[in-house]
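Source file: structure_33.txt. Holds: compact mmCIF, C-alpha atoms and all ligand atoms.
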```
# COMPACT_ATOMS: atom_id res chain seq x y z
CA MET V 1 28.37 20.92 -0.03
CA SER V 2 27.20 23.84 2.12
CA ALA V 3 25.65 23.27 5.58
CA ARG V 4 22.51 25.01 4.33
CA LYS V 5 21.76 22.30 1.76
CA ARG V 6 22.13 19.50 4.28
CA THR V 7 19.96 20.66 7.16
CA LEU V 8 16.68 18.81 7.65
CA LEU V 9 13.99 20.35 9.85
CA PHE V 10 11.82 17.76 11.50
CA VAL V 11 8.36 19.16 12.20
CA VAL V 12 6.48 16.65 14.37
CA PRO V 13 5.37 16.53 18.02
CA VAL V 14 8.67 16.61 19.95
CA ASN V 15 7.98 13.25 21.62
CA TRP V 16 7.79 11.55 18.21
CA ALA V 17 11.20 12.84 17.16
CA PRO V 18 13.75 10.43 18.71
CA LEU V 19 12.45 7.30 16.99
CA TRP V 20 12.56 8.83 13.52
CA GLU V 21 15.64 10.93 14.11
CA THR V 22 17.73 7.88 15.05
CA GLN V 23 16.77 6.10 11.84
CA ILE V 24 17.39 9.12 9.61
CA GLN V 25 20.72 9.90 11.23
CA ALA V 26 21.77 6.25 10.85
CA ALA V 27 20.88 6.38 7.16
CA ASP V 28 22.87 9.61 6.64
CA PRO V 29 25.30 10.50 9.45
CA ASP V 30 26.28 13.77 7.68
CA LEU V 31 22.79 15.25 7.66
CA ILE V 32 22.16 17.98 10.25
CA ILE V 33 18.79 17.28 11.87
CA LYS V 34 16.91 19.97 13.80
CA VAL V 35 13.64 19.30 15.57
CA GLN V 36 11.10 22.11 15.47
CA GLY V 37 10.18 23.14 19.04
CA ARG V 38 13.22 21.42 20.57
CA ASP V 39 16.33 22.72 18.76
CA GLU V 40 17.45 26.19 17.78
CA TYR V 41 18.01 26.63 14.06
CA THR V 42 18.65 29.38 11.55
CA PRO V 43 15.78 29.47 9.01
CA THR V 44 18.15 30.16 6.09
CA ASP V 45 20.07 26.92 6.84
CA VAL V 46 17.08 24.66 6.33
CA GLY V 47 17.15 22.89 2.96
CA TYR V 48 14.65 20.11 3.66
CA ALA V 49 11.75 19.43 5.99
CA LEU V 50 9.90 16.32 7.12
CA SER V 51 6.43 16.52 8.66
CA PHE V 52 2.86 15.18 8.76
CA ARG V 53 0.58 17.98 10.03
CA PRO V 54 2.82 21.08 10.01
CA PRO V 55 1.79 24.34 11.66
CA PRO V 56 0.45 26.63 8.89
CA GLY V 57 2.88 29.39 7.89
CA LEU V 58 6.08 27.63 8.97
CA PHE V 59 7.43 26.70 5.55
CA LYS V 60 7.13 30.21 4.16
CA THR V 61 9.70 31.30 6.79
CA LEU V 62 12.35 28.97 5.29
CA PRO V 63 13.69 30.76 2.20
CA ASN V 64 16.15 28.05 1.09
CA LEU V 65 13.77 25.11 1.36
CA LYS V 66 14.25 22.68 -1.55
CA ALA V 67 11.69 20.00 -0.66
CA VAL V 68 9.25 18.94 2.02
CA PHE V 69 8.71 15.24 2.70
CA SER V 70 5.47 13.88 4.13
CA LEU V 71 5.70 11.16 6.78
CA GLY V 72 2.38 9.83 5.54
CA ALA V 73 0.76 8.90 2.23
CA GLY V 74 -1.98 11.51 2.79
CA VAL V 75 -0.96 15.16 2.49
CA ASP V 76 -4.19 16.92 3.48
CA GLY V 77 -2.43 18.21 6.63
CA PHE V 78 -0.02 20.20 4.42
CA LEU V 79 -2.68 21.53 2.10
CA LEU V 80 -4.36 23.31 5.01
CA ASP V 81 -1.36 25.66 4.93
CA THR V 82 -2.52 28.36 2.50
CA ASP V 83 0.93 29.99 2.80
CA TYR V 84 2.77 26.87 1.63
CA PRO V 85 5.39 28.06 -0.91
CA ARG V 86 4.31 26.13 -4.01
CA ARG V 87 7.73 26.43 -5.64
CA VAL V 88 8.87 23.84 -3.04
CA PRO V 89 7.99 20.25 -4.04
CA LEU V 90 5.92 18.38 -1.45
CA VAL V 91 6.75 14.68 -1.67
CA ARG V 92 4.33 12.14 -0.24
CA PHE V 93 5.37 8.80 1.28
CA ILE V 94 4.73 6.00 -1.19
CA ASN V 95 5.90 2.79 0.39
CA LYS V 96 5.17 -0.86 -0.35
CA TRP V 97 4.95 -1.86 3.32
CA LEU V 98 2.55 0.96 4.15
CA SER V 99 0.39 0.02 1.15
CA LEU V 100 0.51 -3.62 2.20
CA GLU V 101 -0.66 -2.82 5.74
CA MET V 102 -3.49 -0.74 4.34
CA ALA V 103 -4.45 -3.59 2.00
CA GLN V 104 -4.41 -5.99 4.98
CA TYR V 105 -6.75 -3.68 6.88
CA ALA V 106 -9.11 -3.57 3.91
CA VAL V 107 -9.06 -7.37 3.62
CA LEU V 108 -9.50 -7.92 7.39
CA HIS V 109 -12.54 -5.67 7.67
CA THR V 110 -14.08 -6.79 4.38
CA LEU V 111 -13.94 -10.34 5.71
CA MET V 112 -15.34 -9.21 9.09
CA HIS V 113 -18.41 -7.76 7.36
CA HIS V 114 -18.72 -10.51 4.75
CA ARG V 115 -18.47 -13.29 7.36
CA GLN V 116 -20.74 -11.41 9.86
CA GLN V 117 -18.07 -11.63 12.56
CA PRO V 118 -19.55 -8.86 14.80
CA MET V 119 -22.75 -10.95 15.06
CA PHE V 120 -20.75 -14.02 16.13
CA TYR V 121 -18.89 -11.97 18.76
CA ALA V 122 -22.30 -10.92 20.13
CA PHE V 123 -23.55 -14.55 20.15
CA GLN V 124 -20.38 -15.65 21.95
CA LYS V 125 -20.78 -12.94 24.56
CA ALA V 126 -24.35 -14.14 25.20
CA ARG V 127 -23.20 -17.84 25.19
CA LYS V 128 -25.56 -18.53 22.27
CA TRP V 129 -24.75 -21.32 19.79
CA ARG V 130 -26.31 -19.75 16.68
CA GLN V 131 -25.36 -19.88 13.03
CA GLY V 132 -27.41 -16.81 12.11
CA ALA V 133 -28.49 -16.13 8.54
CA PRO V 134 -26.91 -18.30 5.79
CA GLN V 135 -23.49 -17.04 4.74
CA ARG V 136 -23.64 -14.98 1.54
CA LYS V 137 -21.45 -16.35 -1.26
CA THR V 138 -18.15 -14.57 -1.88
CA ALA V 139 -19.00 -14.29 -5.57
CA ASP V 140 -22.17 -12.39 -4.60
CA THR V 141 -20.45 -9.85 -2.32
CA ARG V 142 -19.40 -6.93 -4.51
CA VAL V 143 -16.54 -4.94 -3.03
CA SER V 144 -16.00 -1.37 -4.23
CA ILE V 145 -12.97 0.79 -3.59
CA LEU V 146 -13.34 4.58 -3.61
CA GLY V 147 -9.86 5.85 -4.53
CA PHE V 148 -8.08 3.41 -6.80
CA GLY V 149 -4.48 4.62 -6.48
CA GLU V 150 -1.38 3.09 -4.85
CA ILE V 151 -3.23 1.66 -1.86
CA GLY V 152 -6.64 1.12 -3.45
CA GLN V 153 -5.21 -0.98 -6.29
CA LEU V 154 -3.18 -3.21 -3.96
CA ALA V 155 -6.21 -3.73 -1.71
CA GLY V 156 -8.34 -4.44 -4.79
CA GLU V 157 -5.91 -7.07 -6.08
CA ARG V 158 -5.80 -8.85 -2.71
CA LEU V 159 -9.62 -8.87 -2.47
CA ARG V 160 -9.96 -10.02 -6.08
CA ASP V 161 -7.61 -12.91 -5.29
CA LEU V 162 -9.95 -13.94 -2.45
CA GLY V 163 -12.77 -14.29 -5.01
CA PHE V 164 -14.71 -11.05 -4.46
CA PRO V 165 -16.03 -9.17 -7.50
CA VAL V 166 -14.05 -5.93 -7.12
CA ALA V 167 -14.41 -2.48 -8.69
CA GLY V 168 -12.38 0.70 -8.21
CA TRP V 169 -13.43 4.34 -8.61
CA SER V 170 -10.86 6.97 -9.53
CA ARG V 171 -10.61 10.21 -11.41
CA THR V 172 -9.02 8.48 -14.43
CA LYS V 173 -9.81 5.00 -15.85
CA LYS V 174 -7.58 2.11 -14.77
CA ASN V 175 -6.73 -1.19 -16.34
CA VAL V 176 -6.20 -3.73 -13.56
CA SER V 177 -6.75 -7.37 -14.43
CA GLY V 178 -10.06 -8.75 -13.16
CA ILE V 179 -11.19 -5.45 -11.60
CA GLU V 180 -13.87 -3.21 -13.04
CA SER V 181 -12.86 0.43 -13.40
CA PHE V 182 -15.26 3.33 -12.80
CA ALA V 183 -14.06 6.90 -13.25
CA GLY V 184 -15.31 10.39 -12.57
CA ASP V 185 -18.52 11.83 -11.19
CA ALA V 186 -20.68 10.30 -13.93
CA ASP V 187 -19.68 6.78 -12.85
CA LEU V 188 -20.20 7.31 -9.13
CA ARG V 189 -23.85 6.27 -8.88
CA PRO V 190 -23.52 3.01 -10.87
CA PHE V 191 -20.41 2.28 -8.83
CA LEU V 192 -22.26 2.79 -5.55
CA ALA V 193 -25.19 0.68 -6.76
CA ARG V 194 -22.83 -2.34 -6.96
CA SER V 195 -21.21 -1.72 -3.54
CA ASP V 196 -22.09 -4.39 -0.98
CA ILE V 197 -18.91 -3.39 0.84
CA LEU V 198 -17.57 0.09 0.14
CA ILE V 199 -13.98 0.89 1.14
CA CYS V 200 -12.84 4.51 1.15
CA LEU V 201 -9.15 4.97 0.25
CA LEU V 202 -9.39 8.46 -1.26
CA PRO V 203 -7.17 11.44 -0.50
CA LEU V 204 -9.00 14.21 1.35
CA THR V 205 -9.50 17.12 -1.07
CA PRO V 206 -12.23 19.75 -1.52
CA GLU V 207 -13.88 17.36 -4.05
CA THR V 208 -13.83 14.30 -1.79
CA ARG V 209 -14.65 15.93 1.57
CA GLY V 210 -17.97 14.56 2.88
CA ILE V 211 -18.29 11.99 0.08
CA LEU V 212 -19.54 9.35 2.54
CA ASN V 213 -22.91 11.03 3.10
CA ALA V 214 -26.66 10.29 3.14
CA GLU V 215 -26.95 10.46 -0.66
CA THR V 216 -24.06 8.05 -1.11
CA PHE V 217 -25.48 5.58 1.41
CA ALA V 218 -28.93 5.77 -0.19
CA ALA V 219 -27.37 4.84 -3.55
CA MET V 220 -25.87 1.65 -2.05
CA PRO V 221 -27.76 -1.65 -1.73
CA VAL V 222 -29.74 -2.34 1.47
CA GLY V 223 -27.51 -4.23 3.93
CA ALA V 224 -24.25 -2.80 2.58
CA ALA V 225 -21.26 -2.03 4.82
CA VAL V 226 -18.78 0.84 4.79
CA ILE V 227 -15.07 0.86 5.65
CA ASN V 228 -13.31 4.22 5.96
CA ALA V 229 -9.52 4.00 6.22
CA ALA V 230 -8.79 7.29 4.43
CA ARG V 231 -9.62 10.45 6.39
CA GLY V 232 -12.35 11.38 8.87
CA GLY V 233 -13.26 14.37 6.69
CA HIS V 234 -14.65 11.97 4.05
CA LEU V 235 -17.46 10.89 6.37
CA VAL V 236 -20.54 12.76 7.54
CA GLU V 237 -20.84 10.95 10.87
CA ARG V 238 -24.49 11.78 11.56
CA ASP V 239 -25.48 10.47 8.08
CA LEU V 240 -23.70 7.19 8.79
CA ILE V 241 -25.43 6.78 12.14
CA ALA V 242 -28.83 7.49 10.51
CA ALA V 243 -28.17 4.93 7.74
CA LEU V 244 -27.14 2.31 10.31
CA ASP V 245 -30.08 3.02 12.62
CA SER V 246 -32.57 2.75 9.75
CA ASN V 247 -30.99 -0.64 8.82
CA HIS V 248 -30.14 0.63 5.35
CA LEU V 249 -26.49 -0.11 6.17
CA SER V 250 -25.54 -3.24 8.13
CA GLY V 251 -22.23 -2.06 9.59
CA ALA V 252 -19.20 0.18 9.40
CA THR V 253 -15.51 0.06 10.21
CA LEU V 254 -13.85 3.41 10.88
CA ASP V 255 -10.12 4.01 11.35
CA VAL V 256 -10.14 7.78 10.88
CA PHE V 257 -12.28 10.58 12.31
CA GLU V 258 -12.94 14.27 11.84
CA THR V 259 -11.62 14.77 15.39
CA GLU V 260 -8.73 12.56 16.48
CA PRO V 261 -8.44 11.19 19.11
CA LEU V 262 -12.16 10.36 18.87
CA PRO V 263 -13.76 12.27 21.78
CA PRO V 264 -15.06 10.00 24.61
CA ASP V 265 -18.64 11.25 24.13
CA ASN V 266 -18.77 10.50 20.39
CA PRO V 267 -21.69 8.06 19.78
CA LEU V 268 -19.61 6.03 17.31
CA TRP V 269 -17.63 4.53 20.22
CA ASP V 270 -20.47 2.33 21.38
CA HIS V 271 -22.68 2.09 18.32
CA PRO V 272 -23.46 -1.66 18.05
CA LYS V 273 -22.83 -1.71 14.29
CA VAL V 274 -19.57 0.23 14.29
CA THR V 275 -15.99 -1.00 14.70
CA VAL V 276 -13.58 1.77 15.72
CA THR V 277 -9.79 1.59 15.34
CA PRO V 278 -7.47 4.49 16.31
CA HIS V 279 -5.91 5.51 12.95
CA VAL V 280 -3.75 2.41 12.76
CA ALA V 281 -4.71 0.99 9.36
CA GLY V 282 -1.25 1.75 8.01
CA ILE V 283 1.59 3.18 10.06
CA SER V 284 4.70 4.57 8.36
CA ASP V 285 7.79 2.62 9.39
CA PRO V 286 10.62 4.92 10.60
CA ARG V 287 13.37 2.92 8.85
CA GLU V 288 11.48 2.93 5.54
CA ALA V 289 10.74 6.64 5.98
CA ALA V 290 14.42 7.36 6.67
CA HIS V 291 15.40 5.78 3.35
CA PHE V 292 12.62 7.66 1.58
CA VAL V 293 13.94 11.00 2.87
CA ILE V 294 17.63 10.28 2.31
CA ASP V 295 16.97 8.91 -1.16
CA GLY V 296 14.77 11.93 -1.97
CA ILE V 297 17.45 14.40 -0.85
CA ALA V 298 20.11 12.57 -2.88
CA ARG V 299 17.90 12.64 -5.99
CA ILE V 300 17.24 16.36 -5.60
CA GLU V 301 20.94 17.05 -5.21
CA ARG V 302 21.66 15.01 -8.37
CA GLY V 303 18.96 16.98 -10.18
CA GLU V 304 16.77 13.89 -10.70
CA LYS V 305 12.98 13.64 -10.76
CA LEU V 306 11.15 12.50 -7.63
CA GLU V 307 8.24 10.08 -7.38
CA GLY V 308 5.21 11.19 -5.36
CA VAL V 309 5.39 14.96 -5.87
CA VAL V 310 2.00 16.41 -4.95
CA ASP V 311 -0.03 18.31 -7.53
CA PHE V 312 -1.38 21.26 -5.52
CA ASP V 313 -4.18 21.98 -7.99
CA ARG V 314 -5.47 18.38 -7.78
CA GLY V 315 -4.91 18.31 -4.01
CA TYR V 316 -3.09 14.95 -3.88
P1 LIG J 401 -3.09 7.88 -4.36
O1 LIG J 401 -2.87 9.32 -4.65
O2 LIG J 401 -2.12 6.89 -4.90
O3 LIG J 401 -4.54 7.45 -4.84
C1 LIG J 401 -5.64 8.28 -4.74
C2 LIG J 401 -6.77 7.75 -5.61
O4 LIG J 401 -7.92 8.56 -5.41
C3 LIG J 401 -6.43 7.82 -7.11
O5 LIG J 401 -6.92 6.67 -7.76
C4 LIG J 401 -7.20 9.06 -7.58
O6 LIG J 401 -7.60 9.02 -8.95
C5 LIG J 401 -8.43 8.97 -6.68
N1 LIG J 401 -9.10 10.28 -6.57
C6 LIG J 401 -8.63 11.42 -6.01
N2 LIG J 401 -9.54 12.41 -6.11
C7 LIG J 401 -10.60 11.88 -6.76
C8 LIG J 401 -11.86 12.40 -7.17
N3 LIG J 401 -12.21 13.68 -6.94
N4 LIG J 401 -12.70 11.57 -7.83
C9 LIG J 401 -12.35 10.29 -8.08
N5 LIG J 401 -11.18 9.72 -7.70
C10 LIG J 401 -10.33 10.52 -7.04
O7 LIG J 401 -3.17 7.75 -2.76
P2 LIG J 401 -2.83 6.48 -1.85
O8 LIG J 401 -3.53 5.31 -2.41
O9 LIG J 401 -1.37 6.39 -1.61
O10 LIG J 401 -3.48 6.95 -0.45
C11 LIG J 401 -4.86 7.16 -0.32
C12 LIG J 401 -5.21 7.76 1.02
O11 LIG J 401 -5.15 6.76 2.05
C13 LIG J 401 -4.29 8.84 1.55
O12 LIG J 401 -4.54 10.08 0.93
C14 LIG J 401 -4.63 8.86 3.04
O13 LIG J 401 -5.70 9.76 3.24
C15 LIG J 401 -5.10 7.44 3.31
N6 LIG J 401 -4.19 6.71 4.21
C16 LIG J 401 -4.64 6.38 5.46
C17 LIG J 401 -3.84 5.69 6.34
C18 LIG J 401 -4.35 5.22 7.65
O14 LIG J 401 -3.58 4.77 8.50
N7 LIG J 401 -5.64 5.27 7.90
C19 LIG J 401 -2.45 5.32 5.98
C20 LIG J 401 -2.09 5.68 4.62
C21 LIG J 401 -2.94 6.37 3.79
P3 LIG J 401 -6.50 9.00 -10.14
O15 LIG J 401 -5.78 7.66 -10.00
O16 LIG J 401 -7.30 9.05 -11.38
O17 LIG J 401 -5.59 10.15 -9.89
C1 LIG J 402 -1.02 8.37 6.13
C2 LIG J 402 -1.60 8.10 7.45
O1 LIG J 402 -1.56 9.21 5.39
O2 LIG J 402 -0.93 7.45 8.28
O3 LIG J 402 0.01 7.75 5.79
O4 LIG J 402 -2.74 8.48 7.71
```

As structure tokens - that is how I would like this structure written.
Ligand code: NDP
Ligand code: OXD
Amino acid sequence: MSARKRTLLFVVPVNWAPLWETQIQAADPDLIIKVQGRDEYTPTDVGYALSFRPPPGLFKTLPNLKAVFSLGAGVDGFLLDTDYPRRVPLVRFINKWLSLEMAQYAVLHTLMHHRQQPMFYAFQKARKWRQGAPQRKTADTRVSILGFGEIGQLAGERLRDLGFPVAGWSRTKKNVSGIESFAGDADLRPFLARSDILICLLPLTPETRGILNAETFAAMPVGAAVINAARGGHLVERDLIAALDSNHLSGATLDVFETEPLPPDNPLWDHPKVTVTPHVAGISDPREAAHFVIDGIARIERGEKLEGVVDFDRGY
């Protein structure tokens, strides 16, 4: 096997590299790993690349690239690169542990809103022994998942098993036991109308950018809550703040933001109805990612098909 086929270029902030590099090297000691910005490399030697938000234009300078692997499930960071050579498969990270963490996040924050936990935190802080409004029944709290793919379906199944009436919205119809499927633009409004808690788990594409907006919130029931664990670009922040301030929405949980880190002067930080987490809903595990890359390279070299190859026209 030539050196060219076995060189992996790692394109991440240099301080991230050691953690991942150690795991990948342990999984395949023969692989030559070069870190962009730290190591010298010859562009023609690079057969594979691993990244999350690569600098636009880099991949077109690597003429022998056979595949690019994404460290994350979302690939919007790659699709910003208009020079990406589309002959090179882009493979996204599909991983059961990542999906499980995302499903946990969805369950945790659904329960926070359903059980009115932010209100109880406020009562505790004020040393008030109050039960608040009567607890709404689980069977009356309709949970809706925008983006019913790998992560959305797992989250939906976990929430269904807790007794919530769950629905998922996707481009194509799904058949998941006990979960109502809505598909396409025509189904969006009826889907939103049954969303007491709306969880966004969509990929960020030109079609889904800004989907969490004033019109969407107006189509949801009064008192509904929103959870965005997908991408900040899905949310129009000022529309969310207006819907919360008018009491149309009761609360929101946000893990992702248009600008990350969230700037200190962003009003979402201290909005009383907003819970902010710093893009931690699901974090790719380096050991799992190492196996994903090594397995992907081996499959390519055996001429086999890969799971998770991105469709550039669809955008995910
Ligand atoms: P998938 O590709 O498996 O699922 C995407 C779903 O969205 C599919 O059901 C797809 O429909 C649907 N969809 C896409 N475009 C449209 C559209 N225009 N209209 C209706 N439905 C649409 O992705 P994953 O579940 O693996 O990941 C989802 C996202 O979660 C990632 O893209 C990423 O942004 C985010 N994420 C965030 C993390 C975090 O830490 N906050 C961690 C991991 C992921 P169909 O099934 O018909 O194709
Ligand atoms: C992902 C992420 O897309 O961590 O996996 O955001």

| request: Using all atoms listed in the file, find each residue with an atom at most 8 Å away from ligand LIG 402 (chain J) and format the answer as a ChimeraX atom specification. | output: /V:71-75,93,98,230-231,279-284

Output as JSON lines one row per residue of chain V within 6 Å of ligand LIG 401 (chain J): the closest atom pair and its distance in Å to one decimal place, counting all atoms listed in the file, sorted by chain and residue number ascending.
```
{"residue": "V:Ala73", "atom": "CA", "partner": "J:LIG401", "partner_atom": "C21", "distance": 4.7}
{"residue": "V:Gly74", "atom": "CA", "partner": "J:LIG401", "partner_atom": "O12", "distance": 3.5}
{"residue": "V:Gly147", "atom": "CA", "partner": "J:LIG401", "partner_atom": "O4", "distance": 3.4}
{"residue": "V:Phe148", "atom": "CA", "partner": "J:LIG401", "partner_atom": "O5", "distance": 3.6}
{"residue": "V:Gly149", "atom": "CA", "partner": "J:LIG401", "partner_atom": "O3", "distance": 3.3}
{"residue": "V:Glu150", "atom": "CA", "partner": "J:LIG401", "partner_atom": "O2", "distance": 3.9}
{"residue": "V:Ile151", "atom": "CA", "partner": "J:LIG401", "partner_atom": "O8", "distance": 3.7}
{"residue": "V:Gly152", "atom": "CA", "partner": "J:LIG401", "partner_atom": "O8", "distance": 5.3}
{"residue": "V:Trp169", "atom": "CA", "partner": "J:LIG401", "partner_atom": "N5", "distance": 5.9}
{"residue": "V:Ser170", "atom": "CA", "partner": "J:LIG401", "partner_atom": "N5", "distance": 3.3}
{"residue": "V:Arg171", "atom": "CA", "partner": "J:LIG401", "partner_atom": "O16", "distance": 3.5}
{"residue": "V:Thr172", "atom": "CA", "partner": "J:LIG401", "partner_atom": "O16", "distance": 3.5}
{"residue": "V:Gly184", "atom": "CA", "partner": "J:LIG401", "partner_atom": "C9", "distance": 5.4}
{"residue": "V:Leu201", "atom": "CA", "partner": "J:LIG401", "partner_atom": "O11", "distance": 4.7}
{"residue": "V:Leu202", "atom": "CA", "partner": "J:LIG401", "partner_atom": "O4", "distance": 4.4}
{"residue": "V:Pro203", "atom": "CA", "partner": "J:LIG401", "partner_atom": "O12", "distance": 3.3}
{"residue": "V:Leu204", "atom": "CA", "partner": "J:LIG401", "partner_atom": "O13", "distance": 5.9}
{"residue": "V:Glu207", "atom": "CA", "partner": "J:LIG401", "partner_atom": "N3", "distance": 5.0}
{"residue": "V:Thr208", "atom": "CA", "partner": "J:LIG401", "partner_atom": "N3", "distance": 5.4}
{"residue": "V:Ala229", "atom": "CA", "partner": "J:LIG401", "partner_atom": "N7", "distance": 4.4}
{"residue": "V:Ala230", "atom": "CA", "partner": "J:LIG401", "partner_atom": "C15", "distance": 3.9}
{"residue": "V:Arg231", "atom": "CA", "partner": "J:LIG401", "partner_atom": "O13", "distance": 5.1}
{"residue": "V:Asp255", "atom": "CA", "partner": "J:LIG401", "partner_atom": "N7", "distance": 5.8}
{"residue": "V:Val256", "atom": "CA", "partner": "J:LIG401", "partner_atom": "N7", "distance": 6.0}
{"residue": "V:His279", "atom": "CA", "partner": "J:LIG401", "partner_atom": "N7", "distance": 5.1}
{"residue": "V:Val280", "atom": "CA", "partner": "J:LIG401", "partner_atom": "O14", "distance": 4.9}
{"residue": "V:Ala281", "atom": "CA", "partner": "J:LIG401", "partner_atom": "O14", "distance": 4.0}
{"residue": "V:Gly282", "atom": "CA", "partner": "J:LIG401", "partner_atom": "O14", "distance": 3.8}
{"residue": "V:Ile283", "atom": "CA", "partner": "J:LIG401", "partner_atom": "O14", "distance": 5.6}
{"residue": "V:Tyr316", "atom": "CA", "partner": "J:LIG401", "partner_atom": "O1", "distance": 5.7}
```

I'd like the neighbourhood of region 215-218 of chain V as an mmCIF file with C-alpha atoms, in the coordinates of the input, where a residue qualifies if any of its atoms comes within 9 Å (using all atoms listed in the file), though same-chain residues fewer than 3 positions away should be ignored.
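Output saved as part_31.cif:
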```
data_model
loop_
_atom_site.group_PDB
_atom_site.id
_atom_site.type_symbol
_atom_site.label_atom_id
_atom_site.label_comp_id
_atom_site.auth_asym_id
_atom_site.auth_seq_id
_atom_site.Cartn_x
_atom_site.Cartn_y
_atom_site.Cartn_z
ATOM 1 C CA LEU V 188 -20.200 7.310 -9.130
ATOM 2 C CA ARG V 189 -23.850 6.270 -8.880
ATOM 3 C CA LEU V 192 -22.260 2.790 -5.550
ATOM 4 C CA ILE V 211 -18.290 11.990 0.080
ATOM 5 C CA LEU V 212 -19.540 9.350 2.540
ATOM 6 C CA PRO V 221 -27.760 -1.650 -1.730
ATOM 7 C CA VAL V 222 -29.740 -2.340 1.470
ATOM 8 C CA ALA V 224 -24.250 -2.800 2.580
ATOM 9 C CA VAL V 226 -18.780 0.840 4.790
ATOM 10 C CA ASP V 239 -25.480 10.470 8.080
ATOM 11 C CA LEU V 240 -23.700 7.190 8.790
ATOM 12 C CA ALA V 243 -28.170 4.930 7.740
ATOM 13 C CA HIS V 248 -30.140 0.630 5.350
ATOM 14 C CA LEU V 249 -26.490 -0.110 6.170
#
```

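We find CA of Asn15 (chain V) and CA of Ala103 (chain V) to be spaced 28.7 Å apart.
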
| Which one of V:Phe10, V:Phe312, V:Tyr121, V:Phe257 sits closest to Ala290 (chain V) if you count all atoms listed in the file? |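 Of V:Phe10, V:Phe312, V:Tyr121, V:Phe257, the one nearest Ala290 (chain V) is V:Phe10, counting all atoms listed in the file.
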
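Of the listed residues (V:Phe292, V:Phe164, V:Trp16, V:Tyr41), V:Phe292 comes nearest to Ile94 (chain V); the distances count only C-alpha atoms.
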
| task | Fewer than 5 positions away in the same chain doesn't count, so skip those; otherwise give me all residues within 9 Å of Val91 (chain V), counting only C-alpha atoms, as a PyMOL selection string. | result | chain V and resi 67-70+75+296+306-310

Would you mind listing what lies within 8 Å of Val274 (chain V) as a CSV table (one decimal) with C-alpha atoms, in the frame of the given file, with all atoms listed in the file counted and same-chain residues fewer than 5 positions away left out?
```csv
chain,number,residue,atom,x,y,z
V,251,GLY,CA,-22.2,-2.1,9.6
V,252,ALA,CA,-19.2,0.2,9.4
V,253,THR,CA,-15.5,0.1,10.2
V,254,LEU,CA,-13.8,3.4,10.9
V,268,LEU,CA,-19.6,6.0,17.3
V,269,TRP,CA,-17.6,4.5,20.2
```

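The closest residue to Ser181 (chain V), picked from V:Gln153, V:Gln124, V:Pro56, V:Ile24 and counting only C-alpha atoms, is V:Gln153.
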
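For the atom pair formed by CA of Thr42 (chain V) and CA of Arg299 (chain V), the distance is 24.3 Å, given to one decimal.
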
| Could you name the residues that touch Arg115 (chain V) at 10 Å or less, counting all atoms listed in the file, but leaving out those on the same chain fewer than 6 positions away, as a PyMOL selection string? | chain V and resi 109+134-138

| task | Pick out the residues sitting within 10 Å of Pro55 (chain V), and hand them over as a list in words; count only C-alpha atoms, and ignore anything fewer than 5 positions along from it in its own chain. | result |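 What passes the distance filter is Val11, Val12, Gly77, Phe78, Leu80 and Asp81 of chain V.
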
| request: Dump as a PyMOL selection string all residues having an atom at most 10 Å from (-9.6, 23.4, -4.4), computed in the file's coordinates with all atoms listed in the file. | output: chain V and resi 79+205-207+312-315

| Restricting the calculation to all atoms listed in the file, which member of V:Arg127, V:Arg87, V:His291, V:Arg194 is positioned closest to Arg142 (chain V)? |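 Comparing V:Arg127, V:Arg87, V:His291, V:Arg194 against Arg142 (chain V), the winner is V:Arg194.
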
Padding 6 Å on every side, please: axis-aligned box over the listed atoms of region 291-294 of chain V, centre and edge lengths to one decimal in Å, as AutoDock Vina command-line options.
```
--center_x 15.1 --center_y 8.4 --center_z 2.5 --size_x 17.0 --size_y 17.2 --size_z 13.8
```
